[in-house]
Amino acid sequence: MKIAVGNDHAGFQLKPVVISVLEERGIEILDLGCYSAESVHYPIYGEAVGRAVASGEADMGIVICGTGIGISIAANKVPGIRCGLCSEPLSAELTRQHNDANVLAMGARTIGPEMARKIVETFLDTEFLGGKHAVRVEMLNNIK
Ligand code: RB5
């Protein structure tokens with residue numbers, strides 16, 4: 001399992017939490033930046049993670065910006081990406097079960113490190129349910 005991680009300057013502070021969960025689980029990390037709190041443009045990092053996942057270079061992605069909104073919009077512009085913005089674990093569980101989300105987005109200005117840890121763990125531990133949800137995911141995939 002390889003996970004692509006991307007963040008802007010506002011998300012940079014939360015990245016160590018994500019990295020530590022992935023390392024604890026022995027998951028390979030593709031860190032696509034940014035690498036400091038110097039101001040950058042979040043679409044670059046959302047797109048980079050989206051492309052890494054869509055191409056198969058990474059199995060899944062995790063993106064972080066201030067709210068998680070801008071970087072999730074960027075990731076979702078990449079065909080094949082289903083990025084779910086989560087601020088608590090139930091959403092992380094349901095976006096895996098129902099949406100087969102392949103990218104998780106979080107906001108470093110809206111949640112704390114303990115919540116982020118729980119969200120990442122839940123996202124990684126939850127499987128897609130398939131069935132009627134597969135029909136809907138296919139409908140999502142067909143929106144061009
Ligand atoms: C950066 O200031 C901020 O706009 C960005 O991190 C994010 O919250 C955008 O949606």
# chains A, B, ... in the order shown; residues from 1 in each chain; ligands from 1
$ residues_around --residues "Ile29 (chain A)" --least-positions-apart "5" --cutoff "9 Å" --atoms "only C-alpha atoms" --output "ChimeraX atom specification"
/A:1-5,19,22-23,58
$ residues_near_ligand --ligand "ligand 1" --cutoff "10 Å" --atoms "only C-alpha atoms and all ligand atoms" --output "number ranges by chain"
A: 7-12, 39-43, 64-74, 106-110
$ residues_around --residues "Gly80 (chain A)" --least-positions-apart "5" --cutoff "9 Å" --atoms "only C-alpha atoms" --output "PyMOL selection string"
chain A and resi 50+53-54+102+140-141
$ residues_around --residues "Cys86 (chain A)" --least-positions-apart "5" --cutoff "8 Å" --atoms "only C-alpha atoms" --output "MDAnalysis selection string"
chainID A and resid 91:92 104:106 119
$ closest_residue --among "A:Val137, A:Ala48, A:Ala75, A:Val21" --to "Thr122 (chain A)" --atoms "only C-alpha atoms"
A:Val21
$ select_by_dssp --residues "region 23-142 of chain A" --states "strand (DSSP E or B)" --output "list in words"
Glu28, Ile29, Leu30, Asp31, Met60, Gly61, Ile62, Val63, Ile64, Cys65, Cys83, Gly84, Leu85, Val103, Leu104, Ala105, Met106 and Gly107 of chain A
$ atom_distance --atom1 "CA of Gly33 (chain A)" --atom2 "CA of Gly84 (chain A)"
19.6 Å
$ closest_residue --among "A:Ala37, A:Ile27, A:Ile62, A:Val18" --to "Gly6 (chain A)" --atoms "only C-alpha atoms"
A:Ile62
$ atom_distance --atom1 "CA of Pro89 (chain A)" --atom2 "CA of Tyr45 (chain A)"
23.4 Å
$ atom_distance --atom1 "CA of Arg136 (chain A)" --atom2 "CA of Val103 (chain A)"
17.3 Å
$ select_by_dssp --residues "region 39-99 of chain A" --states "helix (DSSP H, G or I)" --output "MDAnalysis selection string"
chainID A and resid 42:55 69:76 89:97
$ closest_residue --among "A:Pro113, A:Leu14, A:Val135, A:Leu32" --to "Glu57 (chain A)" --atoms "only C-alpha atoms"
A:Leu32
